[in-house]
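Shown here: structure_25.cif, mmCIF, C-alpha atoms and all ligand atoms.
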data_final
loop_
_atom_site.label_atom_id
_atom_site.label_comp_id
_atom_site.auth_asym_id
_atom_site.auth_seq_id
_atom_site.Cartn_x
_atom_site.Cartn_y
_atom_site.Cartn_z
CA MET A 1 226.48 232.94 206.08
CA ASN A 2 226.61 229.13 205.58
CA LYS A 3 226.25 227.03 208.71
CA LYS A 4 229.16 224.73 209.69
CA ILE A 5 228.82 221.22 208.25
CA GLY A 6 228.71 218.48 210.89
CA THR A 7 228.92 214.68 210.64
CA GLU A 8 225.60 213.01 211.33
CA ILE A 9 225.23 209.31 212.14
CA LEU A 10 222.32 208.03 210.03
CA GLY A 11 222.39 204.31 210.83
CA THR A 12 224.40 201.26 211.87
CA GLY A 13 224.39 197.54 211.13
CA SER A 14 226.36 194.39 211.75
CA TYR A 15 226.67 190.82 210.60
CA PHE A 16 228.30 187.68 211.99
CA PRO A 17 228.80 184.38 210.16
CA LYS A 18 226.52 181.59 211.38
CA LYS A 19 229.20 179.06 212.40
CA VAL A 20 230.19 179.20 216.09
CA LEU A 21 233.57 177.95 217.34
CA THR A 22 233.43 177.40 221.11
CA ASN A 23 236.28 176.95 223.56
CA ALA A 24 235.14 173.33 223.83
CA ASP A 25 235.72 172.95 220.08
CA LEU A 26 239.22 174.42 220.50
CA GLU A 27 239.95 171.89 223.26
CA LYS A 28 239.65 169.20 220.56
CA MET A 29 242.09 171.03 218.24
CA ILE A 30 244.91 172.23 220.53
CA ASP A 31 246.27 171.72 224.05
CA THR A 32 244.05 174.24 225.84
CA SER A 33 241.00 174.43 228.09
CA ASP A 34 237.82 176.44 228.25
CA GLU A 35 238.84 177.52 231.76
CA TRP A 36 242.26 178.83 230.59
CA ILE A 37 240.76 180.78 227.70
CA ARG A 38 237.93 182.27 229.78
CA THR A 39 240.13 183.36 232.67
CA ARG A 40 242.92 184.80 230.49
CA THR A 41 240.75 186.45 227.83
CA GLY A 42 237.03 186.40 228.74
CA ILE A 43 236.29 184.75 225.38
CA LYS A 44 233.78 181.86 225.28
CA GLU A 45 233.12 181.59 221.55
CA ARG A 46 233.77 183.29 218.24
CA ARG A 47 232.19 183.19 214.74
CA VAL A 48 233.89 181.56 211.76
CA SER A 49 233.19 182.41 208.11
CA GLU A 50 232.73 179.76 205.44
CA LYS A 51 235.34 179.10 202.74
CA ASN A 52 233.15 180.73 200.06
CA GLU A 53 232.14 183.66 202.29
CA PRO A 54 234.78 186.40 201.87
CA THR A 55 235.18 189.54 203.97
CA SER A 56 233.24 191.58 201.40
CA GLU A 57 230.21 189.32 201.93
CA LEU A 58 230.14 190.02 205.67
CA ALA A 59 230.66 193.72 204.83
CA TYR A 60 227.74 193.59 202.39
CA LYS A 61 225.31 192.12 204.92
CA ALA A 62 226.33 194.62 207.62
CA SER A 63 226.05 197.46 205.06
CA ILE A 64 222.54 196.48 203.96
CA GLU A 65 221.41 196.58 207.61
CA ALA A 66 223.09 199.98 208.14
CA LEU A 67 221.55 201.42 204.95
CA GLU A 68 218.08 200.21 205.99
CA ASP A 69 218.62 201.66 209.47
CA ALA A 70 219.68 204.96 207.85
CA GLY A 71 216.72 204.88 205.47
CA ILE A 72 218.81 205.51 202.40
CA LEU A 73 219.41 203.65 199.14
CA PRO A 74 222.84 202.33 198.11
CA GLU A 75 222.90 204.85 195.21
CA GLN A 76 222.96 207.70 197.73
CA ILE A 77 226.40 206.66 199.02
CA ASP A 78 229.13 208.78 197.53
CA LEU A 79 232.15 207.19 199.23
CA ILE A 80 232.85 203.69 200.62
CA ILE A 81 235.64 203.03 203.12
CA ILE A 82 236.35 199.56 204.51
CA ALA A 83 238.72 199.23 207.45
CA THR A 84 240.16 195.72 207.28
CA MET A 85 243.37 193.77 207.81
CA THR A 86 241.88 190.67 206.17
CA PRO A 87 240.86 191.79 202.66
CA ASP A 88 239.33 189.49 200.03
CA MET A 89 242.47 189.99 197.94
CA LEU A 90 245.51 192.27 197.92
CA VAL A 91 243.91 194.03 194.94
CA PRO A 92 241.30 195.09 194.07
CA SER A 93 240.23 196.58 197.38
CA THR A 94 237.52 194.88 199.42
CA ALA A 95 235.66 198.21 199.15
CA CYS A 96 235.49 197.70 195.36
CA PHE A 97 234.09 194.19 195.87
CA LEU A 98 231.48 195.73 198.19
CA HIS A 99 230.76 198.44 195.59
CA LYS A 100 229.97 195.68 193.07
CA ARG A 101 227.94 193.61 195.58
CA LEU A 102 225.81 196.66 196.44
CA GLY A 103 225.15 197.09 192.71
CA LEU A 104 226.37 200.68 192.68
CA THR A 105 226.41 202.35 189.29
CA ASN A 106 227.23 205.84 190.57
CA SER A 107 231.07 205.58 190.46
CA ALA A 108 231.32 206.27 194.21
CA PRO A 109 235.03 206.10 195.08
CA SER A 110 235.86 203.09 197.26
CA PHE A 111 239.01 202.18 199.16
CA ASP A 112 240.37 200.05 202.01
CA LEU A 113 241.96 201.48 205.11
CA SER A 114 244.69 199.58 206.95
CA ALA A 115 245.08 200.37 210.64
CA ALA A 116 244.39 196.90 212.10
CA CYS A 117 242.20 196.94 215.22
CA SER A 118 242.14 200.77 215.26
CA GLY A 119 240.84 200.77 211.68
CA PHE A 120 237.28 201.79 212.49
CA ILE A 121 238.40 204.81 214.55
CA TYR A 122 240.83 205.80 211.77
CA GLY A 123 237.87 205.42 209.40
CA ILE A 124 235.68 207.71 211.51
CA SER A 125 238.46 210.31 211.41
CA ALA A 126 238.78 210.03 207.61
CA ALA A 127 235.01 210.13 207.08
CA LYS A 128 234.61 213.18 209.34
CA ALA A 129 237.37 215.00 207.46
CA PHE A 130 235.87 214.14 204.05
CA ILE A 131 232.40 215.26 205.13
CA GLU A 132 233.31 218.42 206.99
CA SER A 133 235.64 219.59 204.18
CA GLY A 134 232.64 219.32 201.84
CA LEU A 135 234.30 216.72 199.61
CA TYR A 136 231.74 213.92 200.15
CA LYS A 137 228.23 214.01 201.58
CA THR A 138 227.22 210.45 202.46
CA ILE A 139 229.80 207.87 203.47
CA LEU A 140 229.45 204.14 204.12
CA LEU A 141 232.17 203.16 206.60
CA VAL A 142 232.64 199.45 207.31
CA GLY A 143 234.86 197.45 209.65
CA ALA A 144 235.02 193.88 208.36
CA GLU A 145 237.33 191.00 209.23
CA GLU A 146 237.84 187.28 208.73
CA LEU A 147 240.73 186.66 211.08
CA THR A 148 240.05 182.92 211.33
CA LYS A 149 241.33 182.59 207.75
CA PHE A 150 244.73 183.91 208.89
CA MET A 151 245.23 181.74 211.97
CA ASP A 152 247.92 179.22 212.70
CA TRP A 153 245.62 176.63 214.29
CA THR A 154 248.62 175.03 216.02
CA ASP A 155 249.60 178.29 217.82
CA ARG A 156 247.54 178.14 221.01
CA ASN A 157 248.83 181.54 222.16
CA THR A 158 247.07 183.28 219.29
CA CYS A 159 244.38 181.17 217.59
CA ILE A 160 242.08 181.24 220.63
CA LEU A 161 241.76 185.03 220.46
CA PHE A 162 240.32 185.92 217.07
CA GLY A 163 237.02 185.68 215.17
CA ASP A 164 235.09 186.99 212.16
CA GLY A 165 232.40 189.67 211.74
CA ALA A 166 231.51 193.02 210.20
CA GLY A 167 229.88 196.28 211.22
CA ALA A 168 228.84 199.33 209.18
CA ILE A 169 227.85 202.92 209.77
CA VAL A 170 226.34 205.53 207.44
CA LEU A 171 227.63 209.06 208.03
CA SER A 172 226.28 212.14 206.31
CA ALA A 173 226.82 215.89 206.08
CA SER A 174 224.39 217.88 208.20
CA GLU A 175 223.86 221.50 209.17
CA GLU A 176 221.68 220.48 212.13
CA ASN A 177 223.43 217.49 213.75
CA ASP A 178 227.08 216.97 214.59
CA ASN A 179 227.41 213.46 216.05
CA VAL A 180 231.18 213.01 215.87
CA LEU A 181 232.44 215.41 218.53
CA SER A 182 236.14 214.49 218.48
CA VAL A 183 238.72 212.00 217.23
CA PHE A 184 242.25 211.28 218.40
CA LEU A 185 244.65 208.92 216.57
CA GLY A 186 248.20 207.72 217.19
CA ALA A 187 250.77 205.22 215.88
CA ASP A 188 254.25 203.94 216.66
CA GLY A 189 255.79 201.78 213.93
CA SER A 190 258.70 200.73 216.12
CA TYR A 191 256.39 198.07 217.61
CA SER A 192 255.51 196.56 214.22
CA ASN A 193 257.36 193.33 215.08
CA LEU A 194 255.04 192.43 217.97
CA LEU A 195 251.84 191.78 216.04
CA PHE A 196 251.88 191.27 212.30
CA LEU A 197 250.46 189.39 209.34
CA PRO A 198 253.07 189.00 206.56
CA ALA A 199 250.62 187.47 204.05
CA CYS A 200 251.57 188.30 200.45
CA GLY A 201 253.40 191.51 201.39
CA THR A 202 256.47 192.59 199.43
CA ALA A 203 258.62 192.59 202.59
CA CYS A 204 258.12 188.83 202.88
CA TYR A 205 258.20 187.74 199.24
CA ASP A 206 259.47 184.17 199.11
CA PRO A 207 258.27 181.88 196.32
CA ALA A 208 259.39 178.86 198.38
CA ASP A 209 257.34 179.85 201.43
CA ASP A 210 254.54 177.57 202.52
CA MET A 211 251.55 178.82 204.50
CA ASN A 212 253.82 180.07 207.31
CA GLY A 213 253.71 183.67 206.12
CA HIS A 214 249.93 183.57 205.87
CA THR A 215 249.20 183.59 209.60
CA ILE A 216 249.16 186.20 212.35
CA LYS A 217 252.27 186.30 214.57
CA MET A 218 251.99 187.89 217.99
CA GLN A 219 253.91 188.36 221.23
CA GLY A 220 250.77 188.55 223.36
CA LYS A 221 252.36 189.64 226.63
CA GLU A 222 254.19 192.57 225.01
CA VAL A 223 251.05 193.64 223.12
CA PHE A 224 249.11 193.60 226.39
CA LYS A 225 251.66 195.93 228.06
CA SER A 226 251.30 198.62 225.37
CA ALA A 227 247.55 198.24 224.78
CA VAL A 228 246.41 199.45 228.19
CA PRO A 229 248.36 202.77 228.45
CA LYS A 230 247.75 203.66 224.79
CA MET A 231 244.00 203.07 225.07
CA VAL A 232 243.85 205.17 228.25
CA LEU A 233 245.85 207.94 226.55
CA ALA A 234 243.59 207.87 223.47
CA ALA A 235 240.45 207.94 225.61
CA GLU A 236 241.70 210.94 227.62
CA LYS A 237 242.77 212.88 224.50
CA ALA A 238 239.52 212.35 222.60
CA LEU A 239 237.55 213.27 225.70
CA SER A 240 239.49 216.49 226.20
CA PHE A 241 239.17 217.38 222.47
CA SER A 242 235.40 216.95 222.81
CA LYS A 243 235.35 219.33 225.79
CA LYS A 244 233.36 216.70 227.71
CA GLU A 245 234.15 215.02 231.01
CA LEU A 246 234.18 211.34 232.05
CA LYS A 247 230.84 211.78 233.82
CA ASP A 248 229.21 212.96 230.57
CA ILE A 249 229.89 209.67 228.77
CA LYS A 250 227.03 207.18 229.04
CA LEU A 251 228.94 204.21 227.64
CA PHE A 252 232.59 203.43 226.90
CA ILE A 253 233.12 201.01 224.02
CA PRO A 254 236.69 199.73 224.09
CA HIS A 255 238.26 197.47 221.48
CA GLN A 256 237.13 193.93 222.32
CA ALA A 257 240.48 192.13 222.37
CA ASN A 258 240.59 190.69 225.82
CA MET A 259 238.50 191.12 228.99
CA ARG A 260 241.62 191.73 231.08
CA ILE A 261 242.70 194.61 228.81
CA ILE A 262 239.18 196.07 228.95
CA GLU A 263 239.08 195.86 232.76
CA ALA A 264 242.57 197.33 233.13
CA VAL A 265 241.66 200.29 230.86
CA ALA A 266 238.43 200.93 232.81
CA LYS A 267 240.28 200.76 236.13
CA LYS A 268 243.02 203.19 235.01
CA MET A 269 240.38 205.59 233.72
CA GLY A 270 238.40 205.35 236.95
CA VAL A 271 235.27 204.10 235.18
CA SER A 272 233.08 201.35 236.68
CA MET A 273 232.45 198.30 234.48
CA ASP A 274 228.69 198.96 234.32
CA ARG A 275 229.57 201.90 232.02
CA VAL A 276 231.74 199.74 229.76
CA PHE A 277 230.33 197.72 226.86
CA VAL A 278 231.56 194.12 226.58
CA ASN A 279 230.73 191.49 223.98
CA VAL A 280 234.17 189.87 223.59
CA HIS A 281 232.84 186.67 225.22
CA LYS A 282 230.77 185.90 222.11
CA THR A 283 232.87 187.49 219.34
CA GLY A 284 236.56 187.15 220.23
CA ASN A 285 238.79 189.83 218.76
CA ILE A 286 237.42 190.89 215.35
CA SER A 287 239.91 193.72 214.89
CA ALA A 288 238.51 196.65 212.86
CA ALA A 289 234.99 195.26 213.27
CA THR A 290 234.95 195.30 217.09
CA THR A 291 234.04 198.87 217.99
CA ILE A 292 231.40 199.26 215.26
CA THR A 293 229.67 195.92 215.96
CA ALA A 294 229.73 196.75 219.68
CA LEU A 295 228.29 200.22 218.97
CA ASP A 296 225.56 198.70 216.80
CA GLU A 297 224.65 196.19 219.53
CA ALA A 298 224.66 198.90 222.23
CA ILE A 299 222.22 201.00 220.17
CA LYS A 300 219.95 198.12 219.10
CA THR A 301 219.70 196.72 222.65
CA GLY A 302 218.87 200.14 224.11
CA ARG A 303 222.04 200.63 226.15
CA LEU A 304 222.57 203.78 224.11
CA GLN A 305 219.63 206.08 223.43
CA LYS A 306 219.25 209.11 221.20
CA GLY A 307 221.29 211.99 222.62
CA ASP A 308 223.63 209.80 224.73
CA LEU A 309 227.39 210.28 224.48
CA ALA A 310 229.63 207.26 223.85
CA GLU A 311 233.38 206.94 223.59
CA LEU A 312 234.95 204.31 221.30
CA ILE A 313 238.56 203.38 222.11
CA ALA A 314 240.87 201.12 220.07
CA PHE A 315 244.39 199.72 219.88
CA GLY A 316 246.02 197.43 217.35
CA SER A 317 248.91 196.23 215.24
CA GLY A 318 251.30 198.92 214.11
CA PHE A 319 250.99 199.83 216.88
CA THR A 320 248.02 202.08 216.20
CA TRP A 321 245.53 203.56 218.66
CA GLY A 322 242.64 205.97 218.66
CA ALA A 323 239.40 207.12 220.26
CA THR A 324 236.32 209.08 219.30
CA VAL A 325 233.52 210.72 221.26
CA ILE A 326 230.15 210.46 219.50
CA ARG A 327 226.60 211.52 220.22
CA ILE A 328 223.91 208.98 219.32
C1 LIG A 401 247.81 185.98 224.78
C2 LIG A 401 247.47 186.11 226.27
C3 LIG A 401 246.01 185.70 226.49
C4 LIG A 401 248.36 185.16 227.07
O1 LIG A 401 248.07 185.31 228.44
P1 LIG A 401 249.26 185.39 229.50
O2 LIG A 401 248.66 185.48 230.84
O3 LIG A 401 250.16 186.50 229.06
O4 LIG A 401 249.90 183.98 229.31
P2 LIG A 401 251.42 183.64 229.04
O5 LIG A 401 251.78 184.02 227.65
O6 LIG A 401 252.25 184.13 230.19
O7 LIG A 401 251.35 182.07 229.12
C5 LIG A 401 251.18 181.41 230.34
C6 LIG A 401 251.23 179.92 230.08
O8 LIG A 401 250.04 179.51 229.40
C7 LIG A 401 250.38 178.79 228.23
N1 LIG A 401 249.37 179.01 227.21
C8 LIG A 401 249.39 179.90 226.20
N2 LIG A 401 248.27 179.78 225.46
C9 LIG A 401 247.53 178.80 226.02
C10 LIG A 401 246.29 178.25 225.73
N3 LIG A 401 245.54 178.65 224.70
N4 LIG A 401 245.84 177.26 226.53
C11 LIG A 401 246.55 176.82 227.58
N5 LIG A 401 247.76 177.31 227.91
C12 LIG A 401 248.23 178.31 227.14
C13 LIG A 401 251.73 179.30 227.83
O9 LIG A 401 252.41 178.37 227.02
C14 LIG A 401 252.38 179.49 229.18
O10 LIG A 401 252.83 178.26 229.64
P3 LIG A 401 254.30 178.13 230.31
O11 LIG A 401 254.22 178.99 231.53
O12 LIG A 401 254.39 176.69 230.59
O13 LIG A 401 255.24 178.63 229.28
C15 LIG A 401 247.70 187.54 226.77
O14 LIG A 401 249.07 187.85 226.78
C16 LIG A 401 246.97 188.55 225.96
O15 LIG A 401 245.77 188.60 225.95
N6 LIG A 401 247.70 189.46 225.27
C17 LIG A 401 247.12 190.48 224.43
C18 LIG A 401 246.84 189.87 223.08
C19 LIG A 401 245.88 190.73 222.29
O16 LIG A 401 244.81 191.04 222.78
N7 LIG A 401 246.26 191.07 221.07
C20 LIG A 401 245.48 191.85 220.19
C21 LIG A 401 245.53 193.29 220.57
S1 LIG A 401 244.76 194.26 219.37
#
Starting from the file, lay out its structure as structure tokens.
Ligand SMILES: CC(C)(COP(=O)(O)OP(=O)(O)OC[C@H]1O[C@@H](n2cnc3c(N)ncnc32)[C@H](O)[C@@H]1OP(=O)(O)O)[C@@H](O)C(=O)NCCC(=O)NCCS
Amino acid sequence: MNKKIGTEILGTGSYFPKKVLTNADLEKMIDTSDEWIRTRTGIKERRVSEKNEPTSELAYKASIEALEDAGILPEQIDLIIIATMTPDMLVPSTACFLHKRLGLTNSAPSFDLSAACSGFIYGISAAKAFIESGLYKTILLVGAEELTKFMDWTDRNTCILFGDGAGAIVLSASEENDNVLSVFLGADGSYSNLLFLPACGTACYDPADDMNGHTIKMQGKEVFKSAVPKMVLAAEKALSFSKKELKDIKLFIPHQANMRIIEAVAKKMGVSMDRVFVNVHKTGNISAATTITALDEAIKTGRLQKGDLAELIAFGSGFTWGATVIRI
């Protein structure tokens, strides 16, 4: 009898643009202060991509690192998924731009996935399903964002929060290793008016519009109120689906939106902060790229070792939420 196919994690990678935008820089642009931003969000700085450096370029650099880490060649990928809310263009997909940049000639299908800040967890779910159904064997899953290109730099409530970056993971079919133990996803479209990016969408078509439609709109306080309970719910569900307990998880990797959200989630879950990964101070919120870049950093800095269990937890526009329990 054939053994059950599991989803093995072969490698991870990440990439951040070189340019750093500090809170001190923002003080020169808007009426704000480093102290306000740090105490309300935990963010000290974020990375900003260049004009001629699209999302697919960040995705490419993160992917190359993940492929090297996995020890496989680009030609061995048979599906590319990019989770992003800031694509290079509306069409073609950013995944197709990445396909070209990687020089693939093997016709590997490639598509973008839209679930905002939960995009990487949605991507893990899709990749696991593709692999374990036997449809695809080796998947490159990327979370890549350039949120600074969709900011209203006069809106101090929002522009202080976001940054740019990309992370990638290579997942493969395996009869020996099953590294993705569980996934839980959720959504509630009735909150779609609280955090959105109209840019170029058919619901906001207006030939007379200026750049107004091109920037993220958010009611931060309302988003905060939903983020905490939904992240706790997602974390509990994924944990119970994995048949593990809180004490079994070495490191919790929550979506890096805001330090206060992260601390509130940890407190509600009854987890001490030394078991929670945080890098929001140097990245800001990079949406679909947060959990994968944080995972990559946790592995590369030794906070996660082979065999450890980690739980990734996310929440974002939609609203969408999700969590996954993985074994390194
Ligand atoms: C956006 C957020 C940081 C604002 O923090 P807050 O404590 O809710 O602050 P408030 O909105 O109540 O604003 C308090 C005051 O600070 C002001 N303020 C807002 N942004 C400011 C800034 N960058 N600098 C200085 N003052 C600012 C407000 O105008 C307000 O002033 P007022 O009382 O005179 O009107 C917070 O709501 C948040 O983090 N929300 C979640 C957003 C998020 O993470 N979204 C993505 C989820 S995926």
**OP:** Find the residues near Ile160 (chain A): any atom within 10 Å, counting all atoms listed in the file, skip ones fewer than 5 places away on the same chain, and give them as a PyMOL selection string.
**Re:** chain A and resi 21-23+26-27+30+32+34+37+41+43-46+148+151+153+155+284-285
**OP:** Please identify all polymer residues within 9 Å of Leu246 (chain A), counting all atoms listed in the file, omitting same-chain residues fewer than 3 positions from it, and present them as a PyMOL selection string.
**Re:** chain A and resi 236+239+249-250+269-271
If we count all atoms listed in the file, what is near region 252-263 of chain A at a cut-off of 8 Å, once residues fewer than 4 positions away on the same chain are taken out, given as a PDB file with C-alpha atoms, in the coordinates of the input?
ATOM      1  CA  ARG A  40     242.920 184.800 230.490  1.00  0.00           C
ATOM      2  CA  THR A  41     240.750 186.450 227.830  1.00  0.00           C
ATOM      3  CA  GLY A  42     237.030 186.400 228.740  1.00  0.00           C
ATOM      4  CA  ILE A  43     236.290 184.750 225.380  1.00  0.00           C
ATOM      5  CA  CYS A 117     242.200 196.940 215.220  1.00  0.00           C
ATOM      6  CA  LEU A 161     241.760 185.030 220.460  1.00  0.00           C
ATOM      7  CA  PHE A 224     249.110 193.600 226.390  1.00  0.00           C
ATOM      8  CA  ALA A 227     247.550 198.240 224.780  1.00  0.00           C
ATOM      9  CA  VAL A 228     246.410 199.450 228.190  1.00  0.00           C
ATOM     10  CA  LYS A 267     240.280 200.760 236.130  1.00  0.00           C
ATOM     11  CA  MET A 273     232.450 198.300 234.480  1.00  0.00           C
ATOM     12  CA  ARG A 275     229.570 201.900 232.020  1.00  0.00           C
ATOM     13  CA  VAL A 276     231.740 199.740 229.760  1.00  0.00           C
ATOM     14  CA  PHE A 277     230.330 197.720 226.860  1.00  0.00           C
ATOM     15  CA  VAL A 278     231.560 194.120 226.580  1.00  0.00           C
ATOM     16  CA  ASN A 279     230.730 191.490 223.980  1.00  0.00           C
ATOM     17  CA  VAL A 280     234.170 189.870 223.590  1.00  0.00           C
ATOM     18  CA  GLY A 284     236.560 187.150 220.230  1.00  0.00           C
ATOM     19  CA  ASN A 285     238.790 189.830 218.760  1.00  0.00           C
ATOM     20  CA  ILE A 286     237.420 190.890 215.350  1.00  0.00           C
ATOM     21  CA  SER A 287     239.910 193.720 214.890  1.00  0.00           C
ATOM     22  CA  THR A 290     234.950 195.300 217.090  1.00  0.00           C
ATOM     23  CA  THR A 291     234.040 198.870 217.990  1.00  0.00           C
ATOM     24  CA  ALA A 294     229.730 196.750 219.680  1.00  0.00           C
ATOM     25  CA  LEU A 295     228.290 200.220 218.970  1.00  0.00           C
ATOM     26  CA  ALA A 310     229.630 207.260 223.850  1.00  0.00           C
ATOM     27  CA  GLU A 311     233.380 206.940 223.590  1.00  0.00           C
ATOM     28  CA  LEU A 312     234.950 204.310 221.300  1.00  0.00           C
ATOM     29  CA  ILE A 313     238.560 203.380 222.110  1.00  0.00           C
ATOM     30  CA  ALA A 314     240.870 201.120 220.070  1.00  0.00           C
ATOM     31  CA  PHE A 315     244.390 199.720 219.880  1.00  0.00           C
TER      32      PHE A 315
END
Subject >> Atom pair CA of Phe111 (chain A) / CA of Lys4 (chain A): separation (Å) >> reply: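 Atom-to-atom, CA of Phe111 (chain A) to CA of Lys4 (chain A), that is 26.8 Å.
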Subject >> Within 10 Å of Glu176 (chain A) using all atoms listed in the file, minus same-chain residues under 6 positions, as a ChimeraX atom specification >> reply: /A:3-8
**OP:** Write out as JSON, numbers by chain each polymer residue whose atoms come within 12 Å of Asn179 (chain A), counting all atoms listed in the file; drop sequence neighbours fewer than 3 positions from it.
**Re:** {"A": [5, 6, 7, 8, 9, 10, 11, 124, 128, 132, 170, 171, 172, 173, 174, 175, 176, 182, 183, 242, 306, 307, 308, 309, 310, 311, 324, 325, 326, 327, 328]}
Now that the selection is made, can you save its residues with C-alpha atoms as a short mmCIF file (atom, residue, chain, number, x, y, z; two decimals), keeping the file's coordinate frame?
data_model
loop_
_atom_site.label_atom_id
_atom_site.label_comp_id
_atom_site.auth_asym_id
_atom_site.auth_seq_id
_atom_site.Cartn_x
_atom_site.Cartn_y
_atom_site.Cartn_z
CA ILE A 5 228.82 221.22 208.25
CA GLY A 6 228.71 218.48 210.89
CA THR A 7 228.92 214.68 210.64
CA GLU A 8 225.60 213.01 211.33
CA ILE A 9 225.23 209.31 212.14
CA LEU A 10 222.32 208.03 210.03
CA GLY A 11 222.39 204.31 210.83
CA ILE A 124 235.68 207.71 211.51
CA LYS A 128 234.61 213.18 209.34
CA GLU A 132 233.31 218.42 206.99
CA VAL A 170 226.34 205.53 207.44
CA LEU A 171 227.63 209.06 208.03
CA SER A 172 226.28 212.14 206.31
CA ALA A 173 226.82 215.89 206.08
CA SER A 174 224.39 217.88 208.20
CA GLU A 175 223.86 221.50 209.17
CA GLU A 176 221.68 220.48 212.13
CA SER A 182 236.14 214.49 218.48
CA VAL A 183 238.72 212.00 217.23
CA SER A 242 235.40 216.95 222.81
CA LYS A 306 219.25 209.11 221.20
CA GLY A 307 221.29 211.99 222.62
CA ASP A 308 223.63 209.80 224.73
CA LEU A 309 227.39 210.28 224.48
CA ALA A 310 229.63 207.26 223.85
CA GLU A 311 233.38 206.94 223.59
CA THR A 324 236.32 209.08 219.30
CA VAL A 325 233.52 210.72 221.26
CA ILE A 326 230.15 210.46 219.50
CA ARG A 327 226.60 211.52 220.22
CA ILE A 328 223.91 208.98 219.32
#
**OP:** Measure the distance from atom N3 of ligand LIG 401 (chain A) to CA of Val20 (chain A) in Å and round it to one decimal.
**Re:**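 Interatomic distance here is 17.6 Å.
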Neighbourhood query: residues within 10 Å of (235.2, 203.0, 207.4), file coordinates, counting all atoms listed in the file; return as a PDB file with C-alpha atoms, keeping the file's coordinate frame.
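The resulting file, selection_28.pdb, is shown below:
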ATOM      1  CA  LEU A  79     232.150 207.190 199.230  1.00  0.00           C
ATOM      2  CA  ILE A  80     232.850 203.690 200.620  1.00  0.00           C
ATOM      3  CA  ILE A  81     235.640 203.030 203.120  1.00  0.00           C
ATOM      4  CA  ILE A  82     236.350 199.560 204.510  1.00  0.00           C
ATOM      5  CA  ALA A  83     238.720 199.230 207.450  1.00  0.00           C
ATOM      6  CA  THR A  84     240.160 195.720 207.280  1.00  0.00           C
ATOM      7  CA  ALA A  95     235.660 198.210 199.150  1.00  0.00           C
ATOM      8  CA  PHE A 111     239.010 202.180 199.160  1.00  0.00           C
ATOM      9  CA  ASP A 112     240.370 200.050 202.010  1.00  0.00           C
ATOM     10  CA  LEU A 113     241.960 201.480 205.110  1.00  0.00           C
ATOM     11  CA  GLY A 119     240.840 200.770 211.680  1.00  0.00           C
ATOM     12  CA  PHE A 120     237.280 201.790 212.490  1.00  0.00           C
ATOM     13  CA  ILE A 121     238.400 204.810 214.550  1.00  0.00           C
ATOM     14  CA  TYR A 122     240.830 205.800 211.770  1.00  0.00           C
ATOM     15  CA  GLY A 123     237.870 205.420 209.400  1.00  0.00           C
ATOM     16  CA  ILE A 124     235.680 207.710 211.510  1.00  0.00           C
ATOM     17  CA  SER A 125     238.460 210.310 211.410  1.00  0.00           C
ATOM     18  CA  ALA A 126     238.780 210.030 207.610  1.00  0.00           C
ATOM     19  CA  ALA A 127     235.010 210.130 207.080  1.00  0.00           C
ATOM     20  CA  ILE A 139     229.800 207.870 203.470  1.00  0.00           C
ATOM     21  CA  LEU A 140     229.450 204.140 204.120  1.00  0.00           C
ATOM     22  CA  LEU A 141     232.170 203.160 206.600  1.00  0.00           C
ATOM     23  CA  VAL A 142     232.640 199.450 207.310  1.00  0.00           C
ATOM     24  CA  GLY A 143     234.860 197.450 209.650  1.00  0.00           C
ATOM     25  CA  ALA A 144     235.020 193.880 208.360  1.00  0.00           C
ATOM     26  CA  GLY A 167     229.880 196.280 211.220  1.00  0.00           C
ATOM     27  CA  ALA A 168     228.840 199.330 209.180  1.00  0.00           C
ATOM     28  CA  ILE A 169     227.850 202.920 209.770  1.00  0.00           C
ATOM     29  CA  VAL A 170     226.340 205.530 207.440  1.00  0.00           C
ATOM     30  CA  LEU A 171     227.630 209.060 208.030  1.00  0.00           C
ATOM     31  CA  ALA A 288     238.510 196.650 212.860  1.00  0.00           C
ATOM     32  CA  ALA A 289     234.990 195.260 213.270  1.00  0.00           C
ATOM     33  CA  ILE A 292     231.400 199.260 215.260  1.00  0.00           C
TER      34      ILE A 292
END
Since the input lacks atoms, please generate N, CA and C atoms for region 73-79 of chain A and provide them as a short mmCIF file (atom, residue, chain, number, x, y, z; two decimals), in the frame of the given file.
data_model
loop_
_atom_site.label_atom_id
_atom_site.label_comp_id
_atom_site.auth_asym_id
_atom_site.auth_seq_id
_atom_site.Cartn_x
_atom_site.Cartn_y
_atom_site.Cartn_z
N LEU A 73 219.15 204.65 200.16
CA LEU A 73 219.41 203.65 199.14
C LEU A 73 220.91 203.59 198.86
N PRO A 74 221.41 202.42 198.41
CA PRO A 74 222.84 202.33 198.11
C PRO A 74 223.32 203.44 197.16
N GLU A 75 222.48 203.83 196.20
CA GLU A 75 222.90 204.85 195.21
C GLU A 75 223.20 206.20 195.85
N GLN A 76 222.72 206.40 197.07
CA GLN A 76 222.96 207.70 197.73
C GLN A 76 224.34 207.78 198.38
N ILE A 77 225.04 206.64 198.44
CA ILE A 77 226.40 206.66 199.02
C ILE A 77 227.33 207.32 198.03
N ASP A 78 228.16 208.27 198.49
CA ASP A 78 229.13 208.78 197.53
C ASP A 78 230.58 208.50 197.90
N LEU A 79 230.80 207.69 198.94
CA LEU A 79 232.15 207.19 199.23
C LEU A 79 232.02 205.94 200.10
#
